[in-house]
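K.L.:
You'll find data.csv just under this line, and it carries CSV, C-alpha atoms and all ligand atoms.
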```csv
chain,number,residue,atom,x,y,z
A,112,MET,CA,19.2,-51.2,-168.2
A,113,SER,CA,20.8,-48.5,-166.1
A,114,VAL,CA,22.2,-45.0,-166.4
A,115,LEU,CA,26.0,-45.0,-166.3
A,116,VAL,CA,27.6,-41.9,-164.7
A,117,VAL,CA,31.3,-41.1,-165.2
A,118,VAL,CA,32.8,-39.8,-162.0
A,119,GLU,CA,36.2,-38.1,-162.1
A,120,CYS,CA,38.4,-38.2,-159.0
A,121,ALA,CA,41.6,-36.5,-158.1
A,122,ASP,CA,43.7,-37.1,-155.0
A,123,GLY,CA,41.0,-39.4,-153.7
A,124,GLU,CA,38.3,-36.8,-153.8
A,125,VAL,CA,35.3,-36.8,-156.2
A,126,LYS,CA,35.4,-33.6,-158.2
A,127,LYS,CA,32.6,-31.2,-157.6
A,128,SER,CA,31.5,-31.3,-161.3
A,129,SER,CA,31.2,-35.1,-160.9
A,130,LEU,CA,28.9,-34.7,-157.8
A,131,GLU,CA,26.7,-32.6,-160.1
A,132,VAL,CA,26.8,-35.2,-162.8
A,133,ALA,CA,26.1,-38.1,-160.4
A,134,SER,CA,23.0,-36.2,-159.1
A,135,TYR,CA,21.9,-35.4,-162.7
A,136,GLY,CA,22.4,-39.1,-163.7
A,137,ALA,CA,20.4,-40.3,-160.7
A,138,GLN,CA,17.5,-37.9,-161.6
A,139,VAL,CA,17.5,-39.2,-165.3
A,140,ALA,CA,17.4,-42.8,-163.9
A,141,ALA,CA,14.4,-41.9,-161.7
A,142,GLN,CA,12.7,-40.4,-164.8
A,143,LEU,CA,13.3,-43.7,-166.6
A,144,GLY,CA,12.3,-45.9,-163.7
A,145,THR,CA,15.8,-47.4,-163.4
A,146,THR,CA,19.0,-47.0,-161.3
A,147,ALA,CA,22.2,-45.0,-161.8
A,148,THR,CA,25.6,-46.8,-161.6
A,149,ALA,CA,28.9,-44.8,-161.6
A,150,ILE,CA,32.2,-45.7,-163.1
A,151,ALA,CA,35.1,-44.0,-161.3
A,152,VAL,CA,38.2,-42.6,-163.2
A,153,GLY,CA,41.3,-41.1,-161.7
A,154,GLU,CA,42.8,-41.5,-158.2
A,155,ALA,CA,39.8,-42.6,-156.2
A,156,ASN,CA,39.2,-43.4,-152.5
A,157,GLU,CA,36.6,-46.1,-151.9
A,158,ALA,CA,35.0,-44.3,-148.8
A,159,ASN,CA,34.4,-41.2,-150.9
A,160,LEU,CA,33.0,-43.3,-153.8
A,161,ALA,CA,30.5,-44.9,-151.4
A,162,LYS,CA,29.3,-41.4,-150.4
A,163,LEU,CA,28.0,-41.0,-154.0
A,164,GLY,CA,24.9,-42.7,-152.5
A,165,GLU,CA,24.1,-39.2,-151.3
A,166,GLN,CA,23.7,-38.1,-154.9
A,167,GLY,CA,21.4,-41.1,-155.7
A,168,ILE,CA,24.0,-43.5,-157.1
A,169,THR,CA,23.3,-47.1,-156.2
A,170,LYS,CA,26.5,-48.8,-157.3
A,171,VAL,CA,30.1,-47.6,-158.2
A,172,LEU,CA,32.5,-49.6,-160.4
A,173,TYR,CA,36.1,-49.0,-159.7
A,174,ASP,CA,39.1,-50.4,-161.6
A,175,ALA,CA,42.2,-50.0,-159.3
A,176,GLU,CA,44.7,-50.3,-162.2
A,177,PRO,CA,47.4,-47.8,-161.1
A,178,ARG,CA,47.9,-46.5,-164.7
A,179,LEU,CA,44.3,-45.1,-164.6
A,180,LYS,CA,45.3,-42.5,-162.0
A,181,ASP,CA,46.1,-40.0,-164.7
A,182,PHE,CA,44.0,-39.3,-167.8
A,183,VAL,CA,44.8,-41.6,-170.8
A,184,ASN,CA,42.2,-41.1,-173.5
A,185,ASN,CA,42.2,-44.6,-175.1
A,186,ALA,CA,42.2,-46.4,-171.7
A,187,TYR,CA,39.5,-44.2,-170.2
A,188,THR,CA,37.3,-44.7,-173.3
A,189,LYS,CA,37.7,-48.5,-173.2
A,190,LEU,CA,37.0,-48.6,-169.4
A,191,ILE,CA,33.8,-46.6,-169.7
A,192,ALA,CA,32.6,-48.5,-172.9
A,193,THR,CA,33.2,-51.8,-171.1
A,194,ALA,CA,31.3,-50.7,-168.1
A,195,ALA,CA,28.5,-49.4,-170.3
A,196,GLU,CA,28.3,-52.8,-172.0
A,197,GLN,CA,28.3,-54.7,-168.7
A,198,GLU,CA,25.6,-52.5,-167.2
A,199,SER,CA,23.6,-52.4,-170.5
A,200,ALA,CA,23.6,-48.7,-170.0
A,201,LYS,CA,21.6,-46.8,-172.7
A,202,ILE,CA,22.4,-43.4,-171.2
A,203,ILE,CA,25.9,-42.3,-170.2
A,204,VAL,CA,26.3,-39.0,-168.3
A,205,LEU,CA,29.6,-37.3,-167.9
A,206,ALA,CA,30.9,-33.8,-167.1
A,207,ASN,CA,31.6,-31.4,-169.9
A,208,SER,CA,35.2,-31.2,-168.6
A,209,ASN,CA,38.5,-31.6,-170.4
A,210,ILE,CA,38.3,-35.3,-169.8
A,211,GLY,CA,34.6,-35.6,-170.5
A,212,ALA,CA,34.9,-33.7,-173.8
A,213,ALA,CA,37.8,-35.8,-175.0
A,214,VAL,CA,36.3,-39.1,-173.9
A,215,GLY,CA,32.6,-38.3,-174.9
A,216,SER,CA,33.4,-38.0,-178.6
A,217,ARG,CA,35.4,-41.2,-178.7
A,218,LEU,CA,32.7,-43.1,-176.8
A,219,SER,CA,30.0,-41.9,-179.2
A,220,VAL,CA,31.9,-43.4,-182.1
A,221,ARG,CA,32.8,-46.6,-180.3
A,222,LEU,CA,29.2,-47.2,-178.9
A,223,LYS,CA,27.4,-45.7,-181.9
A,224,ALA,CA,25.7,-43.3,-179.5
A,225,SER,CA,24.1,-39.9,-179.9
A,226,LEU,CA,26.2,-37.2,-178.1
A,227,ALA,CA,25.1,-33.8,-176.7
A,228,THR,CA,27.8,-31.6,-175.0
A,229,ASN,CA,27.3,-28.5,-172.8
A,230,VAL,CA,23.9,-29.8,-171.6
A,231,VAL,CA,22.3,-27.4,-169.0
A,232,GLU,CA,19.1,-29.1,-167.9
A,233,LEU,CA,17.5,-32.5,-167.2
A,234,PRO,CA,16.2,-34.1,-170.4
A,235,LYS,CA,12.6,-33.9,-171.5
A,236,ILE,CA,11.4,-37.5,-172.1
A,237,SER,CA,8.2,-38.0,-173.9
A,238,GLY,CA,7.6,-41.5,-175.3
A,239,ASP,CA,10.6,-42.2,-177.6
A,240,GLN,CA,11.5,-38.5,-177.9
A,241,PHE,CA,14.5,-37.7,-175.7
A,242,THR,CA,15.3,-33.9,-175.8
A,243,VAL,CA,18.2,-32.1,-174.1
A,244,LYS,CA,18.9,-28.4,-173.8
A,245,ARG,CA,22.5,-27.3,-174.5
A,246,GLY,CA,24.4,-24.1,-174.6
A,247,ALA,CA,25.5,-22.9,-178.0
A,248,PHE,CA,27.5,-20.0,-179.5
A,249,SER,CA,29.8,-19.5,-176.4
A,250,GLY,CA,26.8,-19.5,-174.1
A,251,LYS,CA,24.9,-16.8,-176.0
A,252,ALA,CA,22.1,-19.1,-177.0
A,253,PHE,CA,20.5,-22.5,-176.2
A,254,SER,CA,19.4,-25.2,-178.5
A,255,ASP,CA,17.0,-28.1,-177.9
A,256,VAL,CA,18.5,-31.3,-179.3
A,257,VAL,CA,16.7,-34.6,-179.9
A,258,LEU,CA,19.0,-37.6,-179.2
A,259,SER,CA,17.7,-40.2,-181.5
A,260,GLY,CA,20.3,-43.0,-181.1
A,261,ASP,CA,19.5,-46.1,-179.1
A,262,ARG,CA,22.4,-45.1,-176.8
A,263,LYS,CA,22.8,-41.5,-175.6
A,264,ILE,CA,25.7,-39.6,-174.1
A,265,ILE,CA,25.1,-36.4,-172.2
A,266,ALA,CA,28.0,-34.1,-171.2
A,267,VAL,CA,26.7,-31.8,-168.5
A,268,LYS,CA,28.0,-28.2,-168.3
A,269,LYS,CA,29.6,-27.5,-164.9
A,270,ASN,CA,27.6,-25.4,-162.5
A,271,SER,CA,24.4,-25.7,-164.5
A,272,THR,CA,22.8,-28.1,-162.1
A,273,GLU,CA,22.8,-28.5,-158.3
A,274,ALA,CA,24.1,-31.7,-156.7
A,275,GLN,CA,21.5,-33.2,-154.4
A,276,HIS,CA,22.6,-34.4,-151.0
A,277,ASP,CA,20.7,-37.2,-149.3
A,278,ALA,CA,22.9,-37.3,-146.2
A,279,GLY,CA,24.0,-40.7,-145.0
A,280,LYS,CA,23.0,-42.8,-148.1
A,281,THR,CA,25.8,-44.9,-149.4
A,282,ALA,CA,26.5,-46.6,-152.8
A,283,GLU,CA,27.9,-50.2,-153.1
A,284,VAL,CA,31.5,-49.9,-154.4
A,285,THR,CA,32.4,-52.9,-156.6
A,286,SER,CA,35.8,-53.7,-158.1
A,287,PHE,CA,35.7,-53.8,-161.9
A,288,SER,CA,38.3,-54.7,-164.6
A,289,ALA,CA,38.1,-53.7,-168.2
A,290,GLN,CA,41.1,-56.0,-168.9
A,291,LEU,CA,43.2,-53.1,-170.2
A,292,SER,CA,46.4,-54.0,-172.0
A,293,ASP,CA,49.6,-52.1,-172.6
A,294,ALA,CA,48.3,-51.1,-176.0
A,295,ASP,CA,45.4,-49.2,-174.3
A,296,PHE,CA,48.0,-47.0,-172.6
A,297,ALA,CA,50.0,-46.3,-175.7
A,298,ASP,CA,48.9,-42.6,-175.7
A,299,ALA,CA,49.7,-42.2,-172.0
A,300,PRO,CA,51.5,-38.9,-171.2
A,301,LYS,CA,55.2,-39.5,-170.4
A,302,GLN,CA,55.1,-36.8,-167.6
A,303,VAL,CA,52.3,-34.8,-166.1
A,304,VAL,CA,53.5,-31.3,-165.0
A,305,MET,CA,51.3,-29.2,-162.8
A,306,GLN,CA,51.6,-25.5,-163.4
A,307,ASP,CA,52.6,-23.3,-160.5
A,308,GLN,CA,49.8,-21.2,-159.3
A,309,ALA,CA,49.6,-18.4,-156.7
A,310,GLY,CA,48.4,-20.0,-153.5
A,311,GLY,CA,48.8,-23.5,-154.9
A,312,VAL,CA,45.3,-23.5,-156.4
A,313,LEU,CA,45.1,-25.0,-159.9
A,314,LEU,CA,43.1,-22.8,-162.2
A,315,PRO,CA,41.0,-25.4,-164.2
A,316,GLU,CA,39.7,-26.9,-160.9
A,317,ALA,CA,39.6,-23.7,-158.8
A,318,GLU,CA,36.4,-22.9,-156.9
A,319,ARG,CA,37.4,-19.2,-156.7
A,320,VAL,CA,39.3,-17.2,-159.3
A,321,VAL,CA,40.6,-13.6,-159.3
A,322,SER,CA,41.4,-12.4,-162.8
A,323,GLY,CA,43.1,-9.3,-164.2
A,324,GLY,CA,43.0,-7.6,-167.5
A,325,ARG,CA,44.7,-4.7,-169.3
A,326,GLY,CA,43.1,-2.3,-166.7
A,327,MET,CA,45.7,-3.5,-164.2
A,328,LYS,CA,48.2,-1.4,-166.3
A,329,GLY,CA,51.3,-3.7,-165.9
A,330,PRO,CA,52.8,-6.8,-164.2
A,331,GLU,CA,54.1,-4.7,-161.4
A,332,ASN,CA,50.5,-4.3,-160.1
A,333,TRP,CA,49.7,-8.0,-160.0
A,334,GLY,CA,50.4,-8.1,-156.2
A,335,LEU,CA,46.9,-6.6,-155.8
A,336,ILE,CA,45.4,-9.6,-157.7
A,337,GLU,CA,47.6,-12.1,-155.8
A,338,ASP,CA,46.8,-10.5,-152.4
A,339,LEU,CA,43.0,-10.9,-153.0
A,340,ALA,CA,43.5,-14.4,-154.4
A,341,LYS,CA,45.5,-15.4,-151.3
A,342,ALA,CA,42.9,-14.0,-148.9
A,343,LEU,CA,40.1,-15.9,-150.8
A,344,GLY,CA,42.1,-19.1,-151.4
A,345,ALA,CA,41.6,-18.4,-155.1
A,346,ALA,CA,43.6,-19.1,-158.3
A,347,THR,CA,44.8,-16.2,-160.4
A,348,ALA,CA,43.9,-15.8,-164.1
A,349,CYS,CA,44.1,-13.1,-166.8
A,350,SER,CA,42.8,-12.0,-170.1
A,351,LYS,CA,44.5,-12.9,-173.4
A,352,PRO,CA,46.2,-9.6,-174.1
A,353,VAL,CA,47.8,-9.7,-170.6
A,354,SER,CA,49.4,-13.1,-171.3
A,355,ASP,CA,50.2,-12.1,-174.9
A,356,VAL,CA,52.5,-9.3,-173.6
A,357,ASP,CA,54.0,-11.6,-170.9
A,358,TRP,CA,52.5,-9.8,-167.9
A,359,ARG,CA,51.3,-13.2,-166.8
A,360,PRO,CA,52.1,-16.8,-167.9
A,361,HIS,CA,50.0,-18.3,-170.7
A,362,HIS,CA,48.5,-21.0,-168.5
A,363,GLU,CA,46.6,-18.2,-166.7
A,364,HIS,CA,44.8,-17.0,-169.8
A,365,VAL,CA,41.1,-17.8,-169.8
A,366,GLY,CA,38.6,-17.5,-172.6
A,367,GLN,CA,37.8,-19.0,-176.0
A,368,THR,CA,41.5,-19.6,-176.9
A,369,GLY,CA,42.6,-20.3,-173.3
A,370,ILE,CA,41.3,-22.2,-170.3
A,371,THR,CA,37.6,-22.6,-169.5
A,372,VAL,CA,36.9,-22.1,-165.8
A,373,SER,CA,33.7,-22.8,-163.9
A,374,PRO,CA,34.4,-21.6,-160.3
A,375,ASN,CA,31.7,-20.6,-157.8
A,376,LEU,CA,33.2,-17.1,-157.8
A,377,TYR,CA,35.0,-15.3,-160.6
A,378,ILE,CA,36.2,-11.8,-159.9
A,379,ALA,CA,37.2,-9.8,-163.0
A,380,CYS,CA,39.5,-6.8,-162.4
A,381,GLY,CA,40.0,-4.3,-165.2
A,382,ILE,CA,38.7,-6.7,-167.9
A,383,SER,CA,36.3,-5.3,-170.6
A,384,GLY,CA,34.3,-8.5,-171.0
A,385,ALA,CA,34.8,-9.3,-174.7
A,386,ILE,CA,32.8,-12.3,-176.0
A,387,GLN,CA,36.0,-14.3,-176.4
A,388,HIS,CA,36.8,-13.8,-172.7
A,389,LEU,CA,33.2,-14.5,-171.6
A,390,ALA,CA,33.3,-17.8,-173.5
A,391,GLY,CA,35.8,-19.2,-170.9
A,392,VAL,CA,34.1,-17.9,-167.8
A,393,ASN,CA,30.4,-17.7,-168.3
A,394,SER,CA,29.6,-20.9,-166.5
A,395,SER,CA,31.0,-19.4,-163.3
A,396,LYS,CA,28.3,-19.4,-160.6
A,397,VAL,CA,28.8,-15.9,-159.4
A,398,ILE,CA,30.6,-13.2,-161.4
A,399,VAL,CA,31.9,-10.0,-159.8
A,400,VAL,CA,33.2,-7.3,-162.1
A,401,ILE,CA,35.4,-4.3,-161.1
A,402,ASN,CA,35.7,-1.8,-163.9
A,403,LYS,CA,36.0,2.0,-163.9
A,404,ASP,CA,33.8,2.2,-167.1
A,405,PRO,CA,30.1,1.8,-166.3
A,406,GLU,CA,29.5,0.9,-169.9
A,407,ALA,CA,32.0,-2.1,-169.9
A,408,PRO,CA,30.2,-5.1,-171.5
A,409,PHE,CA,31.3,-7.4,-168.6
A,410,PHE,CA,28.7,-5.7,-166.4
A,411,LYS,CA,25.9,-7.3,-168.5
A,412,ALA,CA,27.3,-10.8,-167.5
A,413,ALA,CA,27.9,-9.8,-163.9
A,414,ASP,CA,26.0,-10.8,-160.8
A,415,TYR,CA,27.7,-8.0,-158.8
A,416,GLY,CA,29.4,-5.0,-160.3
A,417,ILE,CA,31.7,-2.4,-158.8
A,418,VAL,CA,32.1,0.7,-160.9
A,419,GLY,CA,35.5,1.9,-159.7
A,420,ASP,CA,39.2,2.0,-160.1
A,421,VAL,CA,40.9,-1.3,-159.4
A,422,PHE,CA,43.7,0.5,-157.6
A,423,ASP,CA,41.2,1.9,-155.1
A,424,VAL,CA,38.8,-1.1,-154.9
A,425,LEU,CA,41.2,-4.1,-154.7
A,426,PRO,CA,43.1,-3.1,-151.5
A,427,LYS,CA,39.7,-2.3,-149.7
A,428,LEU,CA,38.2,-5.6,-150.9
A,429,THR,CA,41.3,-7.6,-149.8
A,430,ALA,CA,41.2,-5.9,-146.4
A,431,ALA,CA,37.5,-6.7,-146.0
A,432,VAL,CA,38.1,-10.4,-146.9
A,433,LYS,CA,41.0,-10.6,-144.4
A,434,ALA,CA,38.9,-9.0,-141.7
A,435,LEU,CA,36.2,-11.7,-142.4
A,436,ASN,CA,38.8,-14.5,-142.3
B,1,LIG,C1,40.0,-15.0,-182.2
B,1,LIG,C2,40.1,-14.3,-180.9
B,1,LIG,C3,40.3,-15.1,-179.8
B,1,LIG,C4,40.4,-14.4,-178.6
B,1,LIG,N1,40.5,-15.2,-177.4
B,1,LIG,C5,40.5,-14.5,-176.2
B,1,LIG,C6,40.5,-15.3,-175.0
B,1,LIG,O1,40.5,-16.5,-175.0
B,1,LIG,N2,40.5,-14.6,-173.8
B,1,LIG,C7,40.5,-13.2,-173.8
B,1,LIG,O2,40.5,-12.7,-172.7
B,1,LIG,N3,40.5,-12.5,-174.9
B,1,LIG,C8,40.5,-13.1,-176.1
B,1,LIG,N4,40.5,-12.4,-177.2
B,1,LIG,C9,40.7,-10.9,-177.1
B,1,LIG,C10,39.4,-10.2,-176.8
B,1,LIG,O3,38.7,-9.9,-178.0
B,1,LIG,C11,39.7,-8.9,-176.0
B,1,LIG,O4,40.5,-8.1,-176.9
B,1,LIG,C12,40.4,-9.1,-174.7
B,1,LIG,O5,39.6,-10.0,-173.9
B,1,LIG,C13,40.4,-7.7,-174.0
B,1,LIG,O6,41.2,-7.9,-172.8
B,1,LIG,P1,41.0,-6.9,-171.6
B,1,LIG,O7,39.6,-6.8,-171.2
B,1,LIG,O8,42.1,-7.3,-170.6
B,1,LIG,O9,41.5,-5.5,-172.2
B,1,LIG,P2,40.7,-4.2,-172.7
B,1,LIG,O10,39.7,-4.6,-173.7
B,1,LIG,O11,41.7,-3.2,-173.0
B,1,LIG,O12,39.9,-3.8,-171.4
B,1,LIG,C14,40.5,-3.2,-170.3
B,1,LIG,C15,39.3,-2.8,-169.3
B,1,LIG,O13,39.9,-2.3,-168.1
B,1,LIG,C16,39.1,-1.2,-167.7
B,1,LIG,N5,40.0,-0.4,-166.9
B,1,LIG,C17,41.1,0.4,-167.3
B,1,LIG,N6,41.7,0.9,-166.3
B,1,LIG,C18,41.0,0.6,-165.2
B,1,LIG,C19,41.1,0.8,-163.8
B,1,LIG,N7,42.1,1.6,-163.3
B,1,LIG,N8,40.2,0.3,-162.9
B,1,LIG,C20,39.2,-0.5,-163.4
B,1,LIG,N9,39.0,-0.8,-164.7
B,1,LIG,C21,39.9,-0.3,-165.6
B,1,LIG,C22,38.6,-0.6,-169.0
B,1,LIG,O14,37.5,0.2,-168.7
B,1,LIG,C23,38.4,-1.8,-169.9
B,1,LIG,O15,37.1,-2.2,-169.8
B,1,LIG,C24,40.4,-13.0,-178.5
B,1,LIG,C25,40.2,-12.3,-179.7
B,1,LIG,C26,40.1,-12.9,-180.9
B,1,LIG,C27,40.0,-12.1,-182.1
```
Step by step, read the file and then write its structure as structure tokens.

P.N.:
Amino acid sequence: MSVLVVVECADGEVKKSSLEVASYGAQVAAQLGTTATAIAVGEANEANLAKLGEQGITKVLYDAEPRLKDFVNNAYTKLIATAAEQESAKIIVLANSNIGAAVGSRLSVRLKASLATNVVELPKISGDQFTVKRGAFSGKAFSDVVLSGDRKIIAVKKNSTEAQHDAGKTAEVTSFSAQLSDADFADAPKQVVMQDQAGGVLLPEAERVVSGGRGMKGPENWGLIEDLAKALGAATACSKPVSDVDWRPHHEHVGQTGITVSPNLYIACGISGAIQHLAGVNSSKVIVVINKDPEAPFFKAADYGIVGDVFDVLPKLTAAVKALN
């Protein structure tokens, strides 16, 4: 028996959320006295996969089928399920990402496994009792969930755990085939279009995000957001009303009805901090809020707050970042 970790790759790199998941899976394996094997999905590079040893992974399975480069729900599900069967994995750990969320539910049906999403801590294992803590109600509460199935799937919330680094350790990378057929790729997207982003940083994967709300007053002022984003190497984002009135494109709208982001740094400029907005940003590691109203609800969720006018604060902040660069 081993723990199977699903590792997402893009452009040959292992995604940061997957490093966290690899480390989480290795720690669960240590709790159970077993080892953690990874199955790579997406465009992977074998040298980078081998480095997963630093997170405690002992073996990485990699299917070089070129059609697996982009996300295909059925094919990814079958790939992971086949790897789980081969490794007799009782625990499958994946990121609570767009891919993890889509594949996790399908896997749970296919493997008759218990599934917990949005998990924020290592499980508590006591005899047969396997309990995980997960975020609920848009991150407003936590619930302890007992996974009673023989097989268990854990989708780990981004930024909720730190990836361990045991420098120099390597994992064995083994080629693997799930014998996928054309039928497994029947739901493959015909074309994948990447949205244009200021500074070329894609919002869902961005490590830093500068976001504007109605307090920015109009699209003509977005240069202030873009200047700071450029200085920080950040993606730009906005609140829903901003995209509703076409100040910004809809693919920049974050929140309950938009994109969920989990950057290391989220800077909110002139955004009130409504619950529906927070739902999309509250797994950011550090939140900075700039708002002229000291009572703005966003300050309660902030790590750092600046009570001030965005039109005064943003140029100064951008100049300070540029001076540091
Ligand atoms: C079902 C549903 C789903 C929703 N989904 C989403 C969602 O996914 N994402 C989302 O964002 N919203 C969503 N909303 C809307 C949400 O409830 C809020 O209305 C919205 O987030 C408010 O946007 P805002 O903060 O930009 O604007 P406002 O609420 O108008 O806030 C503007 C803020 O800017 C500040 N401000 C004004 N001028 C300045 C200045 N010069 N300098 C500094 N600060 C200034 C103000 O003090 C205020 O706090 C949803 C609502 C519903 C009902």

K.L.:
Excluding Asn375 (chain A) and residues on its chain fewer than 6 positions from it, collect all residues at most 9 Å away from it, counting only C-alpha atoms, and give them as a PDB file with C-alpha atoms, in the coordinates of the input.

P.N.:
```pdb
ATOM      1  CA  ASN A 270      27.600 -25.400-162.500  1.00  0.00           C
ATOM      2  CA  ALA A 317      39.600 -23.700-158.800  1.00  0.00           C
ATOM      3  CA  GLU A 318      36.400 -22.900-156.900  1.00  0.00           C
ATOM      4  CA  ARG A 319      37.400 -19.200-156.700  1.00  0.00           C
ATOM      5  CA  VAL A 320      39.300 -17.200-159.300  1.00  0.00           C
ATOM      6  CA  SER A 394      29.600 -20.900-166.500  1.00  0.00           C
ATOM      7  CA  SER A 395      31.000 -19.400-163.300  1.00  0.00           C
ATOM      8  CA  LYS A 396      28.300 -19.400-160.600  1.00  0.00           C
ATOM      9  CA  VAL A 397      28.800 -15.900-159.400  1.00  0.00           C
ATOM     10  CA  ILE A 398      30.600 -13.200-161.400  1.00  0.00           C
TER      11      ILE A 398
END
```

K.L.:
Identify the residues within 12 Å of coordinate (23.9, -50.7, -172.3) (same frame as the file), considering all atoms listed in the file, and give the answer as a list in words.

P.N.:
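With a cut-off of 12 Å, the residues come to Met112, Ser113, Val114, Leu115, Thr148, Ile191, Ala192, Thr193, Ala194, Ala195, Glu196, Gln197, Glu198, Ser199, Ala200, Lys201, Ile202, Ile203, Leu222, Lys223, Ala224, Asp261, Arg262, Lys263 and Ile264 of chain A.
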
K.L.:
What lies within 12 Å of Phe253 (chain A) using all atoms listed in the file, ignoring chain neighbours under 4 positions off, as a list in words?

P.N.:
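In the requested form, the answer reads Thr228, Asn229, Val230, Val231, Glu232, Val243, Lys244, Arg245, Gly246, Ala247, Phe248 and Ser249 of chain A.
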
K.L.:
Write out the residues from the selection above, keeping C-alpha atoms, as a short mmCIF file (atom, residue, chain, number, x, y, z; two decimals), keeping the file's coordinate frame.

P.N.:
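Output contents, as saved in selection-v7.cif:
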```cif
data_model
loop_
_atom_site.label_atom_id
_atom_site.label_comp_id
_atom_site.auth_asym_id
_atom_site.auth_seq_id
_atom_site.Cartn_x
_atom_site.Cartn_y
_atom_site.Cartn_z
CA THR A 228 27.80 -31.60 -175.00
CA ASN A 229 27.30 -28.50 -172.80
CA VAL A 230 23.90 -29.80 -171.60
CA VAL A 231 22.30 -27.40 -169.00
CA GLU A 232 19.10 -29.10 -167.90
CA VAL A 243 18.20 -32.10 -174.10
CA LYS A 244 18.90 -28.40 -173.80
CA ARG A 245 22.50 -27.30 -174.50
CA GLY A 246 24.40 -24.10 -174.60
CA ALA A 247 25.50 -22.90 -178.00
CA PHE A 248 27.50 -20.00 -179.50
CA SER A 249 29.80 -19.50 -176.40
#
```

K.L.:
At a cut-off of 7 Å, using all atoms listed in the file, what residues contact Thr281 (chain A)? Leave out same-chain residues fewer than 2 positions from it and give the result as a ChimeraX atom specification.

P.N.:
/A:161-165,279,283

K.L.:
Would you write out those residues with C-alpha atoms, as a tab-separated table (two decimals), in the frame of the given file?

P.N.:
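Below is the file that was written, result_19.tsv:
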```
chain	number	residue	atom	x	y	z
A	161	ALA	CA	30.50	-44.90	-151.40
A	162	LYS	CA	29.30	-41.40	-150.40
A	163	LEU	CA	28.00	-41.00	-154.00
A	164	GLY	CA	24.90	-42.70	-152.50
A	165	GLU	CA	24.10	-39.20	-151.30
A	279	GLY	CA	24.00	-40.70	-145.00
A	283	GLU	CA	27.90	-50.20	-153.10
```

K.L.:
If you count all atoms listed in the file, which residues end up within 6 Å of ligand LIG 1 (chain B), as a PyMOL selection string?

P.N.:
chain A and resi 324-326+350-352+365-369+381-385+387-388+401-404+407+419-421

K.L.:
Would you put the residues from that selection into a file with C-alpha atoms, as a PDB file, in the coordinates of the input?

P.N.:
```pdb
ATOM      1  CA  GLY A 324      43.000  -7.600-167.500  1.00  0.00           C
ATOM      2  CA  ARG A 325      44.700  -4.700-169.300  1.00  0.00           C
ATOM      3  CA  GLY A 326      43.100  -2.300-166.700  1.00  0.00           C
ATOM      4  CA  SER A 350      42.800 -12.000-170.100  1.00  0.00           C
ATOM      5  CA  LYS A 351      44.500 -12.900-173.400  1.00  0.00           C
ATOM      6  CA  PRO A 352      46.200  -9.600-174.100  1.00  0.00           C
ATOM      7  CA  VAL A 365      41.100 -17.800-169.800  1.00  0.00           C
ATOM      8  CA  GLY A 366      38.600 -17.500-172.600  1.00  0.00           C
ATOM      9  CA  GLN A 367      37.800 -19.000-176.000  1.00  0.00           C
ATOM     10  CA  THR A 368      41.500 -19.600-176.900  1.00  0.00           C
ATOM     11  CA  GLY A 369      42.600 -20.300-173.300  1.00  0.00           C
ATOM     12  CA  GLY A 381      40.000  -4.300-165.200  1.00  0.00           C
ATOM     13  CA  ILE A 382      38.700  -6.700-167.900  1.00  0.00           C
ATOM     14  CA  SER A 383      36.300  -5.300-170.600  1.00  0.00           C
ATOM     15  CA  GLY A 384      34.300  -8.500-171.000  1.00  0.00           C
ATOM     16  CA  ALA A 385      34.800  -9.300-174.700  1.00  0.00           C
ATOM     17  CA  GLN A 387      36.000 -14.300-176.400  1.00  0.00           C
ATOM     18  CA  HIS A 388      36.800 -13.800-172.700  1.00  0.00           C
ATOM     19  CA  ILE A 401      35.400  -4.300-161.100  1.00  0.00           C
ATOM     20  CA  ASN A 402      35.700  -1.800-163.900  1.00  0.00           C
ATOM     21  CA  LYS A 403      36.000   2.000-163.900  1.00  0.00           C
ATOM     22  CA  ASP A 404      33.800   2.200-167.100  1.00  0.00           C
ATOM     23  CA  ALA A 407      32.000  -2.100-169.900  1.00  0.00           C
ATOM     24  CA  GLY A 419      35.500   1.900-159.700  1.00  0.00           C
ATOM     25  CA  ASP A 420      39.200   2.000-160.100  1.00  0.00           C
ATOM     26  CA  VAL A 421      40.900  -1.300-159.400  1.00  0.00           C
TER      27      VAL A 421
END
```

K.L.:
Which is closest to Lys126 (chain A) among A:Ser286, A:Asn393, A:Asn159, A:Ser322, if we use all atoms listed in the file?

P.N.:
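Among the listed residues, A:Asn159 lies closest to Lys126 (chain A).
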
K.L.:
Show me, as a ChimeraX atom specification, the residues that have an atom within 7 Å of Ala137 (chain A) when counting all atoms listed in the file, minus same-chain residues fewer than 2 positions from it.

P.N.:
/A:133-135,139-141,146-147,167-168

K.L.:
How many Å lie between CA of Asp255 (chain A) and CA of Leu218 (chain A), rounded to one decimal?

P.N.:
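Computed distance, CA of Asp255 (chain A) to CA of Leu218 (chain A), equals 21.7 Å.
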
K.L.:
Name the residues in contact with Thr429 (chain A) at a cut-off of 10 Å, using only C-alpha atoms, excluding same-chain residues fewer than 3 positions from it; report them as a PyMOL selection string.

P.N.:
chain A and resi 335-343+424-426+432-435

K.L.:
Identify the residues within 12 Å of coordinate (54.7, -6.0, -164.3) (same frame as the file), considering only C-alpha atoms, and give the answer as a list in words.

P.N.:
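Residues with an atom at most 12 Å from (54.7, -6.0, -164.3): Arg325, Met327, Lys328, Gly329, Pro330, Glu331, Asn332, Trp333, Gly334, Leu335, Ile336, Val353, Ser354, Val356, Asp357, Trp358, Arg359 and Pro360 of chain A.
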
K.L.:
Between CA of Val312 (chain A) and CA of Ala345 (chain A), what is the spacing in Å?

P.N.:
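Here the two named atoms are 6.4 Å from each other.
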